[in-house]
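Q: Enclosed is the structure file start07.txt (compact mmCIF, C-alpha atoms).
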# COMPACT_ATOMS: atom_id res chain seq x y z
CA MET Y 895 50.90 107.96 81.68
CA SER Y 896 53.87 108.84 83.82
CA ALA Y 897 52.54 112.40 84.21
CA VAL Y 898 49.21 111.08 85.52
CA LEU Y 899 50.96 108.76 87.95
CA PHE Y 900 53.24 111.58 89.03
CA PHE Y 901 50.35 113.89 89.86
CA ILE Y 902 48.42 111.20 91.71
CA ALA Y 903 51.46 110.29 93.79
CA ALA Y 904 52.49 113.89 94.37
CA ILE Y 905 49.02 114.92 95.52
CA GLY Y 906 48.88 111.86 97.76
CA ALA Y 907 52.26 112.66 99.26
CA LEU Y 908 51.33 116.29 99.88
CA THR Y 909 47.97 115.31 101.37
CA GLY Y 910 49.68 112.87 103.69
CA ALA Y 911 52.19 115.52 104.73
CA ILE Y 912 49.46 118.05 105.47
CA GLY Y 913 47.55 115.36 107.34
CA VAL Y 914 50.55 114.71 109.58
CA VAL Y 915 50.68 118.37 110.50
CA MET Y 916 46.96 119.06 110.80
CA LEU Y 917 45.46 115.97 112.44
CA ARG Y 918 44.91 116.18 116.17
CA ASN Y 919 45.29 112.57 117.18
CA PRO Y 920 48.92 111.34 116.98
CA PHE Y 921 47.68 107.93 115.90
CA TYR Y 922 46.06 109.39 112.79
CA CYS Y 923 49.22 111.40 112.19
CA VAL Y 924 51.19 108.16 112.02
CA LEU Y 925 48.66 106.66 109.61
CA ALA Y 926 48.84 109.78 107.42
CA LEU Y 927 52.61 109.43 107.39
CA VAL Y 928 52.29 105.82 106.23
CA GLY Y 929 50.15 106.98 103.30
CA HIS Y 930 52.65 109.73 102.56
CA LEU Y 931 55.54 107.27 102.55
CA ILE Y 932 53.78 104.91 100.17
CA CYS Y 933 53.04 107.76 97.75
CA LEU Y 934 56.67 108.82 98.03
CA ALA Y 935 57.73 105.28 97.16
CA ALA Y 936 55.61 105.59 94.01
CA LEU Y 937 57.49 108.79 93.16
CA PHE Y 938 60.77 106.95 93.69
CA LEU Y 939 59.60 104.28 91.29
CA LEU Y 940 58.82 106.95 88.71
CA LEU Y 941 62.38 108.19 89.18
CA ARG Y 942 63.69 104.67 88.47
CA ALA Y 943 64.91 104.09 92.01
CA GLU Y 944 63.49 100.64 92.56
CA PHE Y 945 65.68 99.64 95.46
CA VAL Y 946 65.14 102.89 97.33
CA ALA Y 947 61.39 102.55 96.83
CA ALA Y 948 61.42 98.99 98.17
CA ALA Y 949 63.53 100.04 101.14
CA GLN Y 950 61.16 102.93 101.76
CA VAL Y 951 58.14 100.66 101.92
CA VAL Y 952 59.78 97.87 103.90
CA VAL Y 953 61.91 99.85 106.33
CA TYR Y 954 59.96 103.06 106.71
CA ALA Y 955 56.32 102.28 106.14
CA GLY Y 956 56.82 98.86 107.69
CA ALA Y 957 59.30 98.85 110.54
CA VAL Y 958 59.70 102.45 111.68
CA MET Y 959 55.99 103.16 111.57
CA VAL Y 960 55.24 100.06 113.63
CA LEU Y 961 57.63 101.47 116.22
CA TYR Y 962 55.71 104.74 116.16
CA VAL Y 963 52.36 102.99 116.51
CA PHE Y 964 53.66 101.04 119.51
CA VAL Y 965 54.91 104.17 121.23
CA VAL Y 966 51.66 106.04 120.51
CA ALA Y 967 49.71 103.13 121.96
CA TYR Y 968 52.03 103.05 124.97
CA ILE Y 969 51.82 106.68 125.91
CA GLY Y 970 48.16 106.84 124.96
CA GLY Y 971 47.66 109.30 122.16
CA GLY Y 972 44.44 111.18 122.58
CA ASP Y 973 43.21 114.39 121.04
CA GLU Y 974 45.44 117.26 121.90
CA PRO Y 975 45.75 120.96 121.15
CA LEU Y 976 47.02 121.47 117.64
CA THR Y 977 49.35 124.34 118.35
CA ARG Y 978 51.37 125.57 121.24
CA ILE Y 979 49.59 127.73 123.71
CA GLY Y 980 50.24 131.38 123.13
CA GLY Y 981 53.61 130.83 121.53
CA ALA Y 982 55.02 133.27 119.03
CA LEU Y 983 55.89 130.25 116.92
CA LYS Y 984 52.20 129.69 116.25
CA VAL Y 985 52.25 132.72 113.97
CA LEU Y 986 55.89 132.79 112.99
CA GLY Y 987 56.11 129.12 112.03
CA PRO Y 988 53.77 129.18 109.04
CA ILE Y 989 55.19 132.54 107.91
CA PHE Y 990 58.68 131.11 108.03
CA ALA Y 991 57.60 128.03 106.11
CA LEU Y 992 55.84 130.13 103.47
CA ALA Y 993 58.95 132.26 103.05
CA LEU Y 994 61.03 129.10 102.74
CA ALA Y 995 58.69 127.71 100.07
CA ILE Y 996 58.79 130.93 98.06
CA GLU Y 997 62.56 131.04 98.35
CA LEU Y 998 62.93 127.44 97.19
CA CYS Y 999 60.61 128.04 94.23
CA ILE Y 1000 62.61 131.13 93.23
CA ALA Y 1001 65.78 129.08 93.49
CA LEU Y 1002 64.24 126.38 91.30
CA LEU Y 1003 63.01 128.82 88.69
CA GLY Y 1004 66.25 130.73 88.52
CA THR Y 1005 68.55 127.74 88.55
CA ALA Y 1006 71.36 127.47 86.05
CA LEU Y 1007 71.08 123.67 86.02
CA LYS Y 1008 69.86 122.76 82.56
CA GLY Y 1009 68.96 119.23 83.62
CA VAL Y 1010 66.21 120.42 85.96
CA SER Y 1011 63.87 121.15 83.08
CA GLY Y 1012 64.83 117.95 81.28
CA HIS Y 1013 63.59 114.43 81.86
CA GLY Y 1014 66.84 113.16 83.28
CA ALA Y 1015 69.75 111.28 81.86
CA PRO Y 1016 69.07 108.55 79.31
CA TYR Y 1017 68.03 105.39 81.11
CA VAL Y 1018 70.48 102.53 81.13
CA ALA Y 1019 69.31 99.09 82.14
CA GLY Y 1020 70.10 98.25 85.75
CA PHE Y 1021 70.05 101.83 87.02
CA GLY Y 1022 68.86 101.87 90.60
CA SER Y 1023 68.75 98.09 90.85
CA PRO Y 1024 69.96 96.35 94.03
CA ARG Y 1025 73.03 95.16 92.12
CA ASP Y 1026 73.98 98.71 91.20
CA ILE Y 1027 73.40 100.08 94.69
CA GLY Y 1028 75.14 97.19 96.37
CA GLN Y 1029 78.18 97.56 94.17
CA LEU Y 1030 78.43 101.23 95.06
CA PHE Y 1031 78.00 100.48 98.75
CA LEU Y 1032 80.78 97.93 98.80
CA THR Y 1033 83.27 99.80 96.65
CA LYS Y 1034 82.94 103.56 96.50
CA TYR Y 1035 80.90 104.09 99.66
CA LEU Y 1036 82.29 101.34 101.84
CA PHE Y 1037 83.26 103.67 104.68
CA PRO Y 1038 79.82 105.35 104.99
CA PHE Y 1039 78.27 101.90 104.82
CA GLU Y 1040 80.30 100.63 107.77
CA LEU Y 1041 79.71 103.88 109.61
CA ALA Y 1042 75.97 103.47 109.10
CA SER Y 1043 76.05 100.00 110.65
CA LEU Y 1044 77.98 101.36 113.63
CA LEU Y 1045 75.47 104.19 113.94
CA LEU Y 1046 72.57 101.75 113.94
CA MET Y 1047 74.17 99.72 116.69
CA VAL Y 1048 74.87 102.79 118.81
CA ALA Y 1049 71.27 103.93 118.33
CA ALA Y 1050 69.88 100.54 119.33
CA VAL Y 1051 72.00 100.43 122.49
CA GLY Y 1052 71.13 104.03 123.28
CA ALA Y 1053 67.41 103.38 122.92
CA VAL Y 1054 67.61 100.41 125.28
CA VAL Y 1055 69.55 102.46 127.83
CA LEU Y 1056 67.14 105.38 127.56
CA ALA Y 1057 63.89 103.45 127.73
CA ARG Y 1058 64.78 100.78 130.26
CA ARG Y 1059 63.15 100.54 133.64
CA ARG Y 1060 65.27 102.29 136.22
CA ARG Y 1061 65.33 100.87 139.72
CA GLY Y 1062 63.77 103.14 142.28
CA LEU Y 1063 62.36 105.50 139.71
CA GLU Y 1064 58.87 104.11 140.02
CA GLU Y 1065 57.13 101.79 142.38
CA GLU Y 1066 57.70 98.12 141.82
CA GLU Y 1067 55.20 95.66 140.47
CA PRO Y 1068 52.08 95.63 142.69
CA ASP Y 1069 51.87 91.91 143.26
CA ALA Y 1070 55.56 91.68 144.18
CA ALA Y 1071 55.06 94.36 146.82
CA LEU Y 1072 51.96 92.58 148.02
CA GLN Y 1073 53.75 89.27 148.35
CA ARG Y 1074 56.53 90.81 150.35
CA ARG Y 1075 54.17 92.63 152.65
CA TYR Y 1076 51.83 89.76 153.38
CA ARG Y 1077 54.27 86.92 153.52
CA PRO Y 1078 53.42 85.12 156.78
CA ASP Y 1079 56.26 84.82 159.20
CA ARG Y 1080 56.71 81.28 160.27
CA PRO Y 1081 59.67 79.36 161.62
CA VAL Y 1082 62.35 78.54 159.15
CA PHE Y 1083 62.51 75.05 157.71
CA THR Y 1084 58.81 74.51 158.22
CA GLY Y 1085 56.23 73.74 155.67
CA THR Y 1086 58.72 72.83 153.02
CA LEU Y 1087 58.81 69.77 150.89
CA ALA Y 1088 62.24 68.93 152.22
CA GLU Y 1089 60.89 68.67 155.72
CA ALA Y 1090 58.09 66.42 154.64
CA ALA Y 1091 60.61 64.11 153.07
CA GLY Y 1092 62.57 64.02 156.29
CA LEU Y 1093 65.52 65.96 154.95
CA ARG Y 1094 66.49 68.95 156.99
CA PRO Y 1095 68.08 71.61 154.81
CA GLY Y 1096 71.22 73.25 156.05
CA ALA Y 1097 72.60 70.04 157.52
CA GLY Y 1098 75.91 70.60 159.26
CA THR Y 1099 75.53 74.35 159.30
CA GLY Y 1100 72.44 74.85 161.37
CA GLU Y 1101 73.00 75.18 165.06
CA GLY Y 1102 71.07 73.03 167.43
CA GLU Y 1103 70.33 70.53 164.76
CA VAL Y 1104 71.07 67.54 166.91
CA GLU Y 1105 68.89 68.73 169.74
CA ASP Y 1106 66.12 69.41 167.30
CA GLN Y 1107 66.38 65.95 165.92
CA SER Y 1108 66.27 64.34 169.37
CA GLU Y 1109 63.34 66.48 170.40
CA ARG Y 1110 61.44 65.40 167.35
CA GLU Y 1111 62.04 61.75 168.17
CA THR Y 1112 60.97 62.00 171.75
CA VAL Y 1113 57.97 64.26 171.29
CA PRO Y 1114 55.44 63.04 168.75
CA ALA Y 1115 54.04 65.70 166.48
CA GLU Y 1116 50.43 64.74 167.22
CA SER Y 1117 50.68 65.27 170.93
CA ASN Y 1118 52.30 68.70 170.64
CA PRO Y 1119 51.29 70.32 167.40
CA THR Y 1120 52.42 73.78 168.42
CA SER Y 1121 56.03 72.79 168.98
CA GLU Y 1122 56.89 73.63 165.37
CA GLY Y 1123 54.96 76.83 165.31
CA GLY Y 1124 51.70 75.35 164.15
CA TRP Y 1125 53.01 74.52 160.73
CA MET E 14 57.83 114.51 83.93
CA ALA E 15 60.60 117.06 84.20
CA ILE E 16 62.91 116.78 87.18
CA GLY E 17 61.87 120.23 88.31
CA TRP E 18 58.40 119.01 89.25
CA TYR E 19 59.84 116.48 91.65
CA LEU E 20 61.94 119.20 93.21
CA VAL E 21 58.86 121.38 93.63
CA VAL E 22 57.06 118.54 95.42
CA SER E 23 60.13 118.00 97.57
CA ALA E 24 60.25 121.69 98.52
CA LEU E 25 56.57 121.74 99.43
CA ILE E 26 56.83 118.62 101.60
CA PHE E 27 59.86 120.13 103.32
CA CYS E 28 57.96 123.31 104.12
CA VAL E 29 54.94 121.41 105.43
CA GLY E 30 57.27 119.42 107.68
CA ALA E 31 58.90 122.64 108.88
CA VAL E 32 55.50 124.04 109.85
CA GLY E 33 54.81 120.90 111.85
CA VAL E 34 58.15 121.00 113.65
CA LEU E 35 57.63 124.65 114.57
CA THR E 36 54.01 124.55 115.67
CA ARG E 37 53.09 121.15 117.10
CA PRO E 38 53.48 120.74 120.87
CA ASN E 39 53.76 116.95 120.98
CA PRO E 40 57.35 115.66 120.59
CA LEU E 41 56.02 112.51 118.93
CA VAL E 42 54.42 114.54 116.16
CA ILE E 43 57.54 116.69 115.93
CA LEU E 44 59.50 113.51 115.20
CA LEU E 45 56.95 112.62 112.53
CA CYS E 46 57.35 116.04 110.93
CA LEU E 47 61.12 115.62 111.05
CA GLU E 48 60.58 112.43 109.08
CA LEU E 49 58.66 114.47 106.53
CA MET E 50 61.57 116.86 106.11
CA LEU E 51 64.06 114.01 105.75
CA ASN E 52 61.82 112.37 103.17
CA ALA E 53 61.64 115.59 101.20
CA ALA E 54 65.43 115.64 101.14
CA ASN E 55 65.37 112.01 100.03
CA LEU E 56 63.05 112.85 97.15
CA ALA E 57 65.37 115.64 96.03
CA LEU E 58 68.38 113.33 96.25
CA VAL E 59 66.69 110.63 94.17
CA ALA E 60 65.51 113.23 91.64
CA PHE E 61 69.06 114.51 91.24
CA ALA E 62 70.33 110.95 90.90
CA ARG E 63 67.89 110.54 88.02
CA MET E 64 69.00 113.83 86.55
CA TRP E 65 72.67 112.90 86.47
CA GLY E 66 72.05 109.28 85.67
CA SER E 67 74.26 108.03 88.49
CA ALA E 68 73.17 106.01 91.48
CA ASP E 69 75.21 108.02 93.98
CA GLY E 70 72.19 110.07 95.00
CA GLN E 71 70.26 106.90 95.75
CA VAL E 72 73.08 105.74 98.00
CA PHE E 73 72.83 109.07 99.82
CA ALA E 74 69.10 108.57 100.16
CA LEU E 75 69.63 105.17 101.76
CA ILE E 76 72.15 106.64 104.20
CA VAL E 77 69.64 109.34 105.07
CA MET E 78 67.11 106.59 105.77
CA VAL E 79 69.56 104.93 108.17
CA VAL E 80 70.19 108.21 109.97
CA ALA E 81 66.44 108.85 110.17
CA ALA E 82 65.84 105.40 111.66
CA CYS E 83 68.51 106.03 114.31
CA GLU E 84 67.05 109.41 115.14
CA VAL E 85 63.58 107.92 115.47
CA VAL E 86 64.78 105.15 117.77
CA VAL E 87 66.60 107.51 120.10
CA GLY E 88 63.78 110.05 120.03
CA LEU E 89 61.14 107.46 120.84
CA GLY E 90 63.32 106.12 123.63
CA LEU E 91 63.50 109.62 125.09
CA ILE E 92 59.73 110.01 124.82
CA VAL E 93 59.15 106.70 126.61
CA ALA E 94 61.60 107.76 129.34
CA ILE E 95 59.75 111.07 129.73
CA TYR E 96 56.46 109.22 129.98
CA ARG E 97 57.88 106.88 132.64
CA ARG E 98 58.73 109.90 134.76
CA ARG E 99 55.08 110.95 134.64
CA MET E 100 55.91 114.19 132.96
CA ALA E 101 53.76 115.96 130.39
CA ILE E 102 54.52 115.04 126.77
CA ASN E 103 54.68 118.66 125.72
CA VAL E 104 57.70 120.56 124.49
CA ASP E 105 56.51 123.78 126.10
CA GLU E 106 56.63 122.24 129.55
CA LEU E 107 59.79 120.21 128.95
CA ASN E 108 62.05 123.20 128.79
CA GLU E 109 64.86 122.19 131.10
CA LEU E 110 67.37 119.38 130.99
CA ARG E 111 66.99 118.54 134.66
CA GLY E 112 64.65 115.56 134.94
As structure tokens - that is how I would like this structure written.

A:
Amino acid sequence: MSAVLFFIAAIGALTGAIGVVMLRNPFYCVLALVGHLICLAALFLLLRAEFVAAAQVVVYAGAVMVLYVFVVAYIGGGDEPLTRIGGALKVLGPIFALALAIELCIALLGTALKGVSGHGAPYVAGFGSPRDIGQLFLTKYLFPFELASLLLMVAAVGAVVLARRRRGLEEEEPDAALQRRYRPDRPVFTGTLAEAAGLRPGAGTGEGEVEDQSERETVPAESNPTSEGGW
Amino acid sequence: MAIGWYLVVSALIFCVGAVGVLTRPNPLVILLCLELMLNAANLALVAFARMWGSADGQVFALIVMVVAACEVVVGLGLIVAIYRRRMAINVDELNELRG
């Protein structure tokens, strides 16, 4: 049973990996990676790493991939050339990877580790459970744990700094520019609600306020509508 | 299943990811292939944790996940910044640090 599950998950993971590399549209690449991650989580479960598998599904296939999908949607992922144009890497890359695979397989076959051909250490209850992992994180690996939290914070701040809108880098919002350009010039203190209520803003600071007030009393607004600029 | 099979799968996924990093022109897909390589390392770590019967390898795998998440966040921020500058999202054309 475990062998069947292993082969299903392994083939799924490899298919997903090849899909990430071979698909043209970045959006489909991300979806292939999601499938790959879920198959990998199944492999983790077969290796009795329940907490790592759960974290893989929740953090990776959930959160990180959503981030990818958002960025792909933002920059508009269309079909694109699969390989670099005329680069030597186009040929050398697969050759290098093939050599690496052969080398790793030789290393695996010739290993002196006896446990590699075995089925692993005898299973004790609670291995790979959140309790086990958490205890290790808070005792033996406390310093890496704290360092990881610091790293996450630095990365979050760095991402905000990198991706923020810089002033002057691009043109401002179109309707803001439009408003500034077509704002009608009219006399100050006209057309406001404060004026309608009889309150003149800037009392005590505006020059000529007293004259203005007297002028308003002597000259009715109906007889001389243009005295205030037509507003 | 023997532990060796998991290591074989891990090696193959790593090599597929390496091909992607070396040949794809889009930095977004290069980040995805980098994820593949990190996940292959994770699989090897978890397999070795099973082999030795200690959870230390799983702790390493979780730390690798944290590092991968940080790398993704910074990389995607860079890609968004490149896009804002109306530059081509292509590593062959982005070959100088000057923006």

Q: May I have the residues of chain E within 6 Å of chain Y, counting all atoms listed in the file, written as number ranges by chain?

A: E: 14-17, 28, 32-33, 35-38, 63-66, 83, 87, 90, 93-94

Q: Quote the spacing between atom CA of E:Ala60 and atom CA of Y:Thr1033 in Å to one decimal place.

A: 22.8 Å

Q: Out of E:Val42, E:Ala62, E:Tyr19, E:Leu89, which residue has the shortest atom-to-atom distance to E:Ala74 when counting all atoms listed in the file?

A: E:Ala62

Q: Give me the residues within 8 Å of stretch 47-49 of chain E as a list in words, counting all atoms listed in the file and dropping any in the same chain fewer than 3 places off.

A: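 Residues near the query, excluding close chain neighbours: Ala911 and Leu927 of chain Y; Ile26, Phe27, Val29, Gly30, Ala31, Val34, Ile43, Leu44, Asn52, Ala53 and Ala81 of chain E.
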
Q: Between atom CA of E:Val85 and atom CA of E:Leu45, what is the spacing in Å?

A: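 Result for atom CA of E:Leu45 versus atom CA of E:Val85: 8.6 Å, one decimal.
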
Q: Go ahead and compute the interatomic distance for atom CA of Y:Val951 and atom CA of Y:Gly906, in Å to one decimal.

A: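 That distance, rounded to one decimal, is 15.1 Å.
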
Q: Restricting the calculation to only C-alpha atoms, which member of E:Leu110, E:Val104, E:Ala82, E:Ile95 is positioned closest to E:Asn39?

A: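 Ranking E:Leu110, E:Val104, E:Ala82, E:Ile95 by distance to E:Asn39, first place goes to E:Val104.
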
Q: Nearest to E:Leu51 among E:Leu107, E:Ala68, E:Leu91, E:Ile76, with distances taken over all atoms listed in the file: which residue is it?

A: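 Counting all atoms listed in the file, the residue closest to E:Leu51 is E:Ile76.
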
Q: Can you work out which one of E:Leu20, E:Cys46, E:Val86, E:Leu41 has the shortest atom-to-atom distance to E:Ile102, counting all atoms listed in the file?

A: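 Smallest separation from E:Ile102 among the options: E:Leu41.
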
Q: Tell me which of E:Glu106, E:Ala101, E:Val77, E:Val72 sits closest to Y:Pro1024, counting only C-alpha atoms.

A: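 Nearest to Y:Pro1024: E:Val72.
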